[in-house]
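Student: This is run-v7.cif (mmCIF, C-alpha atoms).
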data_work
#
loop_
_atom_site.group_PDB
_atom_site.id
_atom_site.type_symbol
_atom_site.label_atom_id
_atom_site.label_comp_id
_atom_site.auth_asym_id
_atom_site.auth_seq_id
_atom_site.Cartn_x
_atom_site.Cartn_y
_atom_site.Cartn_z
ATOM 1 C CA MET T 23 -25.989 53.774 -22.369
ATOM 2 C CA ARG T 24 -22.387 52.699 -22.864
ATOM 3 C CA LEU T 25 -20.551 50.213 -20.697
ATOM 4 C CA GLN T 26 -16.783 50.038 -20.372
ATOM 5 C CA LYS T 27 -14.924 47.375 -22.339
ATOM 6 C CA ASN T 28 -14.066 45.347 -19.239
ATOM 7 C CA THR T 29 -17.693 45.368 -18.094
ATOM 8 C CA LEU T 30 -18.809 44.023 -21.459
ATOM 9 C CA LEU T 31 -16.068 41.381 -21.412
ATOM 10 C CA ALA T 32 -17.150 40.314 -17.922
ATOM 11 C CA LEU T 33 -20.796 40.074 -18.994
ATOM 12 C CA TYR T 34 -20.017 38.086 -22.133
ATOM 13 C CA SER T 35 -17.673 35.788 -20.189
ATOM 14 C CA VAL T 36 -20.164 35.119 -17.407
ATOM 15 C CA LEU T 37 -22.820 34.326 -20.006
ATOM 16 C CA GLU T 38 -20.425 31.901 -21.744
ATOM 17 C CA PHE T 39 -19.873 30.162 -18.414
ATOM 18 C CA ALA T 40 -23.535 30.178 -17.376
ATOM 19 C CA ALA T 41 -24.513 28.636 -20.715
ATOM 20 C CA ARG T 42 -22.255 25.676 -19.886
ATOM 21 C CA PRO T 43 -22.858 25.047 -16.183
ATOM 22 C CA GLY T 44 -20.267 22.819 -14.566
ATOM 23 C CA ARG T 45 -17.988 22.924 -17.572
ATOM 24 C CA GLN T 46 -14.490 24.268 -17.168
ATOM 25 C CA LEU T 47 -13.360 26.746 -19.822
ATOM 26 C CA SER T 48 -9.827 27.974 -20.343
ATOM 27 C CA VAL T 49 -8.980 31.655 -20.668
ATOM 28 C CA THR T 50 -7.763 30.948 -24.192
ATOM 29 C CA GLU T 51 -11.082 29.351 -25.186
ATOM 30 C CA ILE T 52 -13.157 32.286 -23.967
ATOM 31 C CA ALA T 53 -10.698 34.861 -25.323
ATOM 32 C CA ALA T 54 -10.957 33.241 -28.752
ATOM 33 C CA ALA T 55 -14.759 33.274 -28.585
ATOM 34 C CA LEU T 56 -14.772 36.953 -27.591
ATOM 35 C CA HIS T 57 -11.938 38.001 -29.930
ATOM 36 C CA VAL T 58 -9.782 39.536 -27.185
ATOM 37 C CA SER T 59 -6.325 38.865 -25.838
ATOM 38 C CA PRO T 60 -6.114 36.148 -23.151
ATOM 39 C CA HIS T 61 -3.909 38.464 -21.092
ATOM 40 C CA HIS T 62 -6.570 41.169 -20.956
ATOM 41 C CA LEU T 63 -9.371 38.686 -20.302
ATOM 42 C CA ALA T 64 -7.447 37.023 -17.461
ATOM 43 C CA LYS T 65 -7.627 40.245 -15.454
ATOM 44 C CA VAL T 66 -11.392 40.415 -15.911
ATOM 45 C CA LEU T 67 -11.822 36.761 -14.935
ATOM 46 C CA ARG T 68 -9.747 37.246 -11.790
ATOM 47 C CA MET T 69 -12.179 39.974 -10.808
ATOM 48 C CA LEU T 70 -15.130 37.619 -11.396
ATOM 49 C CA GLY T 71 -13.293 35.010 -9.330
ATOM 50 C CA ARG T 72 -12.824 37.411 -6.421
ATOM 51 C CA ALA T 73 -16.565 38.177 -6.585
ATOM 52 C CA GLY T 74 -17.326 34.452 -6.247
ATOM 53 C CA LEU T 75 -18.978 34.132 -9.645
ATOM 54 C CA VAL T 76 -16.352 31.819 -11.158
ATOM 55 C CA ASP T 77 -13.874 29.408 -9.643
ATOM 56 C CA SER T 78 -10.356 29.058 -10.999
ATOM 57 C CA VAL T 79 -8.793 25.660 -11.542
ATOM 58 C CA ARG T 80 -5.005 25.736 -11.573
ATOM 59 C CA GLY T 81 -2.663 23.589 -13.608
ATOM 60 C CA ALA T 82 -1.875 22.832 -17.232
ATOM 61 C CA ARG T 83 -5.560 22.084 -17.879
ATOM 62 C CA GLY T 84 -6.645 24.920 -15.685
ATOM 63 C CA GLY T 85 -9.387 27.373 -16.396
ATOM 64 C CA TYR T 86 -12.548 28.724 -14.883
ATOM 65 C CA ARG T 87 -16.017 27.415 -14.213
ATOM 66 C CA PHE T 88 -19.212 29.142 -13.191
ATOM 67 C CA VAL T 89 -20.123 28.703 -9.540
ATOM 68 C CA GLY T 90 -22.992 31.179 -9.241
ATOM 69 C CA ASN T 91 -26.706 30.507 -9.500
ATOM 70 C CA ALA T 92 -27.826 31.668 -12.942
ATOM 71 C CA LYS T 93 -31.358 32.191 -11.640
ATOM 72 C CA ARG T 94 -30.120 34.524 -8.926
ATOM 73 C CA VAL T 95 -27.099 36.349 -10.353
ATOM 74 C CA THR T 96 -28.201 39.510 -12.142
ATOM 75 C CA LEU T 97 -26.458 41.704 -14.688
ATOM 76 C CA MET T 98 -26.094 44.278 -11.898
ATOM 77 C CA ASP T 99 -24.001 41.827 -9.844
ATOM 78 C CA VAL T 100 -21.492 41.800 -12.703
ATOM 79 C CA VAL T 101 -21.786 45.422 -13.825
ATOM 80 C CA ALA T 102 -21.295 46.719 -10.265
ATOM 81 C CA LEU T 103 -17.840 45.103 -10.165
ATOM 82 C CA PHE T 104 -16.635 47.415 -12.900
ATOM 83 C CA GLU T 105 -18.908 50.449 -13.004
ATOM 84 C CA ASP T 106 -20.262 52.852 -10.448
ATOM 85 C CA ILE T 107 -23.808 53.272 -11.726
ATOM 86 C CA GLY T 108 -25.556 55.720 -9.526
ATOM 87 C CA SER T 109 -22.786 58.258 -9.332
ATOM 88 C CA ALA T 110 -23.492 60.437 -12.341
ATOM 89 C CA VAL T 111 -23.077 63.243 -9.847
ATOM 90 C CA PRO T 112 -19.486 63.091 -8.559
ATOM 91 C CA ARG T 113 -19.341 62.212 -4.884
ATOM 92 C CA GLY T 114 -18.566 65.123 -2.655
ATOM 93 C CA ARG T 115 -19.848 67.708 -5.092
ATOM 94 C CA ARG T 116 -22.745 69.637 -3.685
ATOM 95 C CA ALA T 117 -25.019 71.221 -6.247
ATOM 96 C CA ARG T 118 -25.051 74.930 -5.550
ATOM 97 C CA ARG T 119 -27.330 76.403 -8.123
ATOM 98 C CA GLY T 120 -30.957 75.475 -8.765
ATOM 99 C CA ALA T 121 -30.045 74.358 -12.276
ATOM 100 C CA GLU T 122 -27.441 71.954 -10.898
ATOM 101 C CA GLN T 123 -29.862 70.538 -8.360
ATOM 102 C CA ALA T 124 -32.555 70.065 -11.005
ATOM 103 C CA LEU T 125 -30.163 68.357 -13.417
ATOM 104 C CA ASP T 126 -28.814 66.116 -10.648
ATOM 105 C CA GLY T 127 -32.388 65.007 -9.977
ATOM 106 C CA VAL T 128 -32.928 64.044 -13.622
ATOM 107 C CA LEU T 129 -29.586 62.190 -13.799
ATOM 108 C CA ALA T 130 -30.439 60.331 -10.587
ATOM 109 C CA GLU T 131 -33.721 59.193 -12.205
ATOM 110 C CA ILE T 132 -31.804 57.739 -15.134
ATOM 111 C CA ASP T 133 -29.360 55.967 -12.810
ATOM 112 C CA GLN T 134 -32.157 54.468 -10.718
ATOM 113 C CA THR T 135 -33.809 53.090 -13.829
ATOM 114 C CA ALA T 136 -30.514 51.638 -15.059
ATOM 115 C CA ARG T 137 -29.866 49.983 -11.696
ATOM 116 C CA ALA T 138 -33.393 48.519 -11.581
ATOM 117 C CA THR T 139 -33.045 47.188 -15.122
ATOM 118 C CA PHE T 140 -29.648 45.550 -14.582
ATOM 119 C CA GLY T 141 -30.777 44.299 -11.186
ATOM 120 C CA SER T 142 -33.865 42.558 -12.530
ATOM 121 C CA VAL T 143 -32.304 40.646 -15.422
ATOM 122 C CA THR T 144 -30.775 37.374 -14.256
ATOM 123 C CA LEU T 145 -28.226 35.395 -16.246
ATOM 124 C CA ASP T 146 -30.886 32.742 -16.781
ATOM 125 C CA THR T 147 -33.197 35.362 -18.321
ATOM 126 C CA MET T 148 -30.318 36.585 -20.517
ATOM 127 C CA LEU T 149 -29.688 33.031 -21.761
ATOM 128 C CA LYS T 150 -33.367 32.803 -22.744
ATOM 129 C CA LEU T 151 -33.133 36.162 -24.553
ATOM 130 C CA ILE T 152 -29.981 35.033 -26.363
ATOM 131 C CA ALA T 153 -31.696 31.792 -27.441
ATOM 132 C CA ARG T 154 -34.660 33.798 -28.722
ATOM 133 C CA HIS T 155 -32.382 36.106 -30.751
ATOM 134 C CA GLU T 156 -30.459 33.141 -32.149
ATOM 135 C CA ARG T 157 -33.690 31.449 -33.228
ATOM 136 C CA GLY T 158 -34.462 34.692 -35.048
ATOM 137 C CA MET Q 4 -48.621 21.236 1.800
ATOM 138 C CA ARG Q 5 -44.864 20.668 1.639
ATOM 139 C CA GLN Q 6 -45.531 17.382 -0.208
ATOM 140 C CA GLU Q 7 -47.858 19.120 -2.653
ATOM 141 C CA ILE Q 8 -45.212 21.770 -3.428
ATOM 142 C CA ALA Q 9 -42.564 19.071 -3.861
ATOM 143 C CA ALA Q 10 -44.918 17.299 -6.274
ATOM 144 C CA ILE Q 11 -45.384 20.536 -8.236
ATOM 145 C CA ARG Q 12 -41.610 20.997 -8.435
ATOM 146 C CA ARG Q 13 -41.255 17.424 -9.741
ATOM 147 C CA ARG Q 14 -44.051 17.604 -12.285
ATOM 148 C CA GLY Q 15 -43.671 21.232 -13.237
ATOM 149 C CA ALA Q 16 -46.550 23.653 -13.160
ATOM 150 C CA ALA Q 17 -48.216 21.782 -15.989
ATOM 151 C CA GLY Q 18 -48.617 18.783 -13.663
ATOM 152 C CA ARG Q 19 -51.959 17.936 -12.143
ATOM 153 C CA ALA Q 20 -50.961 18.968 -8.637
ATOM 154 C CA LEU Q 21 -51.440 22.659 -9.385
ATOM 155 C CA ARG Q 22 -54.732 24.189 -10.455
ATOM 156 C CA VAL Q 23 -55.258 27.804 -11.512
ATOM 157 C CA ARG Q 24 -58.872 28.893 -11.121
ATOM 158 C CA ALA Q 25 -61.058 31.927 -10.383
ATOM 159 C CA ALA Q 26 -60.760 33.149 -6.805
ATOM 160 C CA ALA Q 27 -63.618 32.512 -4.391
ATOM 161 C CA SER Q 28 -64.478 34.155 -1.084
ATOM 162 C CA ALA Q 29 -63.156 31.139 0.852
ATOM 163 C CA ASP Q 30 -59.690 31.850 -0.653
ATOM 164 C CA LEU Q 31 -59.465 35.402 0.663
ATOM 165 C CA PRO Q 32 -57.903 34.655 4.096
ATOM 166 C CA GLN Q 33 -55.002 32.859 2.415
ATOM 167 C CA VAL Q 34 -54.657 35.506 -0.304
ATOM 168 C CA ILE Q 35 -54.561 38.224 2.363
ATOM 169 C CA LYS Q 36 -51.821 36.315 4.220
ATOM 170 C CA ILE Q 37 -49.688 35.934 1.091
ATOM 171 C CA ASP Q 38 -50.043 39.650 0.353
ATOM 172 C CA GLN Q 39 -49.321 40.534 3.978
ATOM 173 C CA ARG Q 40 -46.113 38.471 3.936
ATOM 174 C CA ALA Q 41 -44.909 40.475 0.939
ATOM 175 C CA THR Q 42 -46.102 43.958 1.868
ATOM 176 C CA GLY Q 43 -46.296 43.876 5.661
ATOM 177 C CA LEU Q 44 -49.920 45.016 5.558
ATOM 178 C CA ALA Q 45 -53.137 43.026 5.928
ATOM 179 C CA LYS Q 46 -55.801 44.564 3.688
ATOM 180 C CA PRO Q 47 -59.040 42.583 4.135
ATOM 181 C CA GLU Q 48 -61.277 45.366 2.805
ATOM 182 C CA TYR Q 49 -59.115 45.902 -0.248
ATOM 183 C CA TRP Q 50 -59.190 42.180 -1.092
ATOM 184 C CA ALA Q 51 -62.932 41.946 -0.503
ATOM 185 C CA GLY Q 52 -63.293 44.777 -3.028
ATOM 186 C CA ILE Q 53 -60.990 43.049 -5.502
ATOM 187 C CA LEU Q 54 -63.043 39.864 -5.194
ATOM 188 C CA ARG Q 55 -66.263 41.818 -5.733
ATOM 189 C CA ARG Q 56 -64.964 43.587 -8.830
ATOM 190 C CA TYR Q 57 -62.638 40.971 -10.319
ATOM 191 C CA GLY Q 58 -63.701 37.610 -8.856
ATOM 192 C CA ARG Q 59 -66.571 37.027 -11.201
ATOM 193 C CA GLY Q 60 -65.261 39.940 -13.187
ATOM 194 C CA GLY Q 61 -66.883 39.159 -16.499
ATOM 195 C CA VAL Q 62 -64.746 38.601 -19.514
ATOM 196 C CA ARG Q 63 -62.282 41.468 -19.087
ATOM 197 C CA ARG Q 64 -61.331 41.134 -15.411
ATOM 198 C CA ARG Q 65 -59.545 38.272 -13.734
ATOM 199 C CA PHE Q 66 -58.720 37.409 -10.124
ATOM 200 C CA LEU Q 67 -57.136 33.960 -10.207
ATOM 201 C CA VAL Q 68 -55.563 31.761 -7.573
ATOM 202 C CA ALA Q 69 -53.193 28.806 -7.811
ATOM 203 C CA GLU Q 70 -54.315 25.952 -5.616
ATOM 204 C CA ALA Q 71 -52.732 22.659 -4.654
ATOM 205 C CA GLY Q 72 -54.223 20.177 -2.215
ATOM 206 C CA GLY Q 73 -56.706 22.750 -0.947
ATOM 207 C CA ASP Q 74 -54.001 25.351 -0.213
ATOM 208 C CA ILE Q 75 -53.738 28.661 -2.036
ATOM 209 C CA LEU Q 76 -50.142 29.048 -3.258
ATOM 210 C CA GLY Q 77 -50.541 32.312 -5.113
ATOM 211 C CA TYR Q 78 -52.833 34.870 -6.714
ATOM 212 C CA ILE Q 79 -52.842 37.105 -9.769
ATOM 213 C CA VAL Q 80 -55.153 40.002 -10.650
ATOM 214 C CA GLY Q 81 -55.536 41.844 -13.925
ATOM 215 C CA GLU Q 82 -57.831 43.288 -16.525
ATOM 216 C CA VAL Q 83 -58.030 44.495 -20.100
ATOM 217 C CA ARG Q 84 -57.773 48.295 -20.304
ATOM 218 C CA ASP Q 85 -58.637 50.361 -23.344
ATOM 219 C CA TRP Q 86 -56.952 53.362 -24.871
ATOM 220 C CA GLU Q 87 -55.055 54.661 -21.871
ATOM 221 C CA PHE Q 88 -53.174 57.669 -23.245
ATOM 222 C CA GLY Q 89 -53.739 56.356 -26.735
ATOM 223 C CA SER Q 90 -52.503 52.817 -26.066
ATOM 224 C CA PRO Q 91 -54.541 50.151 -27.867
ATOM 225 C CA PRO Q 92 -56.376 47.748 -25.537
ATOM 226 C CA CYS Q 93 -53.933 45.622 -23.580
ATOM 227 C CA GLY Q 94 -53.894 43.299 -20.595
ATOM 228 C CA TRP Q 95 -52.715 44.704 -17.277
ATOM 229 C CA VAL Q 96 -51.477 42.603 -14.379
ATOM 230 C CA PHE Q 97 -51.602 44.684 -11.226
ATOM 231 C CA GLY Q 98 -51.341 42.105 -8.481
ATOM 232 C CA LEU Q 99 -49.201 38.994 -8.088
ATOM 233 C CA GLY Q 100 -48.152 37.049 -5.033
ATOM 234 C CA VAL Q 101 -46.778 33.600 -4.287
ATOM 235 C CA ARG Q 102 -46.429 31.882 -0.931
ATOM 236 C CA PRO Q 103 -42.682 32.009 -0.126
ATOM 237 C CA GLN Q 104 -42.448 28.212 0.336
ATOM 238 C CA ALA Q 105 -43.882 27.714 -3.152
ATOM 239 C CA ARG Q 106 -41.424 29.962 -5.000
ATOM 240 C CA GLU Q 107 -39.455 28.606 -7.958
ATOM 241 C CA ALA Q 108 -42.042 25.867 -8.457
ATOM 242 C CA GLY Q 109 -43.654 27.421 -11.521
ATOM 243 C CA VAL Q 110 -46.669 28.799 -9.625
ATOM 244 C CA ALA Q 111 -46.389 32.398 -10.872
ATOM 245 C CA THR Q 112 -45.552 31.138 -14.360
ATOM 246 C CA ALA Q 113 -48.746 29.053 -14.417
ATOM 247 C CA MET Q 114 -50.865 31.969 -13.180
ATOM 248 C CA LEU Q 115 -49.354 34.413 -15.694
ATOM 249 C CA LYS Q 116 -49.954 31.882 -18.452
ATOM 250 C CA ALA Q 117 -53.607 31.535 -17.409
ATOM 251 C CA ILE Q 118 -54.264 35.273 -17.228
ATOM 252 C CA THR Q 119 -52.488 36.025 -20.503
ATOM 253 C CA ALA Q 120 -54.547 33.277 -22.173
ATOM 254 C CA ALA Q 121 -57.676 35.034 -20.864
ATOM 255 C CA PHE Q 122 -56.410 38.385 -22.193
ATOM 256 C CA ARG Q 123 -55.632 36.818 -25.546
ATOM 257 C CA ARG Q 124 -59.200 35.529 -25.780
ATOM 258 C CA GLN Q 125 -60.279 39.172 -25.453
ATOM 259 C CA GLY Q 126 -58.272 39.971 -28.558
ATOM 260 C CA VAL Q 127 -55.354 41.809 -26.935
ATOM 261 C CA ALA Q 128 -51.793 41.101 -28.000
ATOM 262 C CA THR Q 129 -49.851 42.797 -25.185
ATOM 263 C CA VAL Q 130 -49.646 42.335 -21.454
ATOM 264 C CA ARG Q 131 -48.244 45.018 -19.158
ATOM 265 C CA THR Q 132 -47.500 45.466 -15.525
ATOM 266 C CA LEU Q 133 -46.112 48.115 -13.180
ATOM 267 C CA ILE Q 134 -43.669 47.208 -10.430
ATOM 268 C CA ALA Q 135 -41.724 49.195 -7.871
ATOM 269 C CA ARG Q 136 -38.101 49.646 -8.990
ATOM 270 C CA ASP Q 137 -36.788 48.056 -5.816
ATOM 271 C CA ASN Q 138 -39.016 44.973 -6.004
ATOM 272 C CA ARG Q 139 -36.293 42.811 -7.510
ATOM 273 C CA LEU Q 140 -38.059 39.522 -6.875
ATOM 274 C CA VAL Q 141 -41.190 40.339 -8.856
ATOM 275 C CA LEU Q 142 -39.298 42.382 -11.476
ATOM 276 C CA SER Q 143 -36.960 39.428 -12.084
ATOM 277 C CA PHE Q 144 -39.930 37.092 -12.418
ATOM 278 C CA PHE Q 145 -41.594 39.187 -15.122
ATOM 279 C CA ARG Q 146 -38.248 39.591 -16.894
ATOM 280 C CA SER Q 147 -37.802 35.820 -16.839
ATOM 281 C CA GLN Q 148 -41.132 35.580 -18.646
ATOM 282 C CA GLY Q 149 -39.773 37.657 -21.514
ATOM 283 C CA MET Q 150 -41.296 40.988 -20.475
ATOM 284 C CA MET Q 151 -39.297 44.074 -21.449
ATOM 285 C CA ALA Q 152 -39.588 47.779 -20.675
ATOM 286 C CA ALA Q 153 -42.830 49.178 -22.079
ATOM 287 C CA PRO Q 154 -42.853 52.349 -24.199
ATOM 288 C CA VAL Q 155 -44.344 54.294 -21.302
ATOM 289 C CA ILE Q 156 -42.888 56.201 -18.366
ATOM 290 C CA PRO Q 157 -44.700 56.190 -15.054
ATOM 291 C CA LEU Q 158 -44.726 59.599 -13.394
ATOM 292 C CA GLU Q 159 -45.852 60.812 -10.006
ATOM 293 C CA LYS Q 160 -45.960 63.939 -7.879
ATOM 294 C CA ASP Q 161 -46.259 64.535 -4.190
ATOM 295 C CA ILE Q 162 -49.622 66.261 -3.692
ATOM 296 C CA GLY Q 163 -49.795 65.909 0.077
#
For this file, produce the structure as structure tokens.

Tutor:
Amino acid sequence: MRLQKNTLLALYSVLEFAARPGRQLSVTEIAAALHVSPHHLAKVLRMLGRAGLVDSVRGARGGYRFVGNAKRVTLMDVVALFEDIGSAVPRGRRARRGAEQALDGVLAEIDQTARATFGSVTLDTMLKLIARHERG
Amino acid sequence: MRQEIAAIRRRGAAGRALRVRAAASADLPQVIKIDQRATGLAKPEYWAGILRRYGRGGVRRRFLVAEAGGDILGYIVGEVRDWEFGSPPCGWVFGLGVRPQAREAGVATAMLKAITAAFRRQGVATVRTLIARDNRLVLSFFRSQGMMAAPVIPLEKDIG
């Protein structure tokens, strides 16, 4: 499964924040860590801000800090801001032929599994997985 | 009970306030209530059967409860299964419940640890479970314990 670039940026950013609870990080700091332009990242962070996952602090020393609960926020909460998982079949299209109906059923199965997977992995669980990978 | 749960939160599940042990018939009313809170159904006969088959279940079956101050805070049920569709013997957890007031106090973690230790003593190296896709609470718990998707796909068919 492939996620859009902005979705991945949002996920990586939220994980950066969640790994440093309470700490304020500037757009430049995170952009440098993720090797992207601060301008591009700022748009993604504004979206996370509107969703109530991060809080922006204005001013020369401004930035963002995580305000969610890492044990409750799931990957799906972030992914759903950028992707419409569960709409492999375009809305409004009604499958006419048996083959279309059958294929729609299979695609729906895949979507349901993806939603359940993203929806069951919290940021806290991700941080544990990251630590395990980093330990080797 | 509130004080006992607070003590467990302070000490962590490894503290002395929480005890994971084999279920007994006197525990069943509380186990049934915990299950009923989660599923909306009271199943006394089902749980009596589980106790019969898994309570003293020998070495391969486990029905455990987490107790603090005489109150049952949660239960877990599982067994070692052999060669299902070619899969080497592995531990299966097929029932888990925690009293809502005792959530996030390490109760389920302590019970899972106890049952996996029992499975390990039987020589198995894998533990599996099967959870409804929309049961986010329990799915998230097992994920938090490091469990990942198994190399199996559950299938079903309406035969009504």

Student: Which residues, named as in the file, does the PyMOL selection byres ((chain T) within 10 of (chain Q)) pick out? Answer as a list in words.

Tutor: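 Given this file, the PyMOL selection byres ((chain T) within 10 of (chain Q)) evaluates to Lys93, Arg94, Thr96, Gln134, Thr135, Ala136, Arg137, Ala138, Thr139, Phe140, Gly141, Ser142, Val143, Thr144, Leu145, Asp146, Thr147, Met148, Leu149, Lys150, Leu151 and Arg154 of chain T.
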
Student: What's around Leu25 in chain T at 8 Å? Count only C-alpha atoms, leave out sequence neighbours fewer than 3 positions away in its own chain, and write the answer as a list in words.

Tutor: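 Selected residues are Thr29, Leu30 and Glu105 of chain T.
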
Student: Would you kindly return, as a compact mmCIF listing (two decimals) with C-alpha atoms, keeping the file's coordinate frame, each protein, DNA or RNA residue with an atom no farther than 10 Å from any atom of Pro91 in chain Q, considering all atoms listed in the file and excluding same-chain residues fewer than 5 positions away?

Tutor:
# COMPACT_ATOMS: atom_id res chain seq x y z
CA ARG Q 84 -57.77 48.30 -20.30
CA ASP Q 85 -58.64 50.36 -23.34
CA TRP Q 86 -56.95 53.36 -24.87
CA VAL Q 127 -55.35 41.81 -26.94
CA ALA Q 128 -51.79 41.10 -28.00
CA THR Q 129 -49.85 42.80 -25.18

Student: Expressed in Å to a single decimal, how great is the separation between CA of Val96 in chain Q and CA of Gly81 in chain Q?

Tutor: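 Computing it gives 4.2 Å between the two atoms.
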
Student: Rounded to one decimal, what separation in Å do you get between CA of Leu31 in chain T and CA of Leu129 in chain T?

Tutor: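 Computing the Euclidean distance for CA of Leu31 in chain T and CA of Leu129 in chain T yields 26.0 Å.
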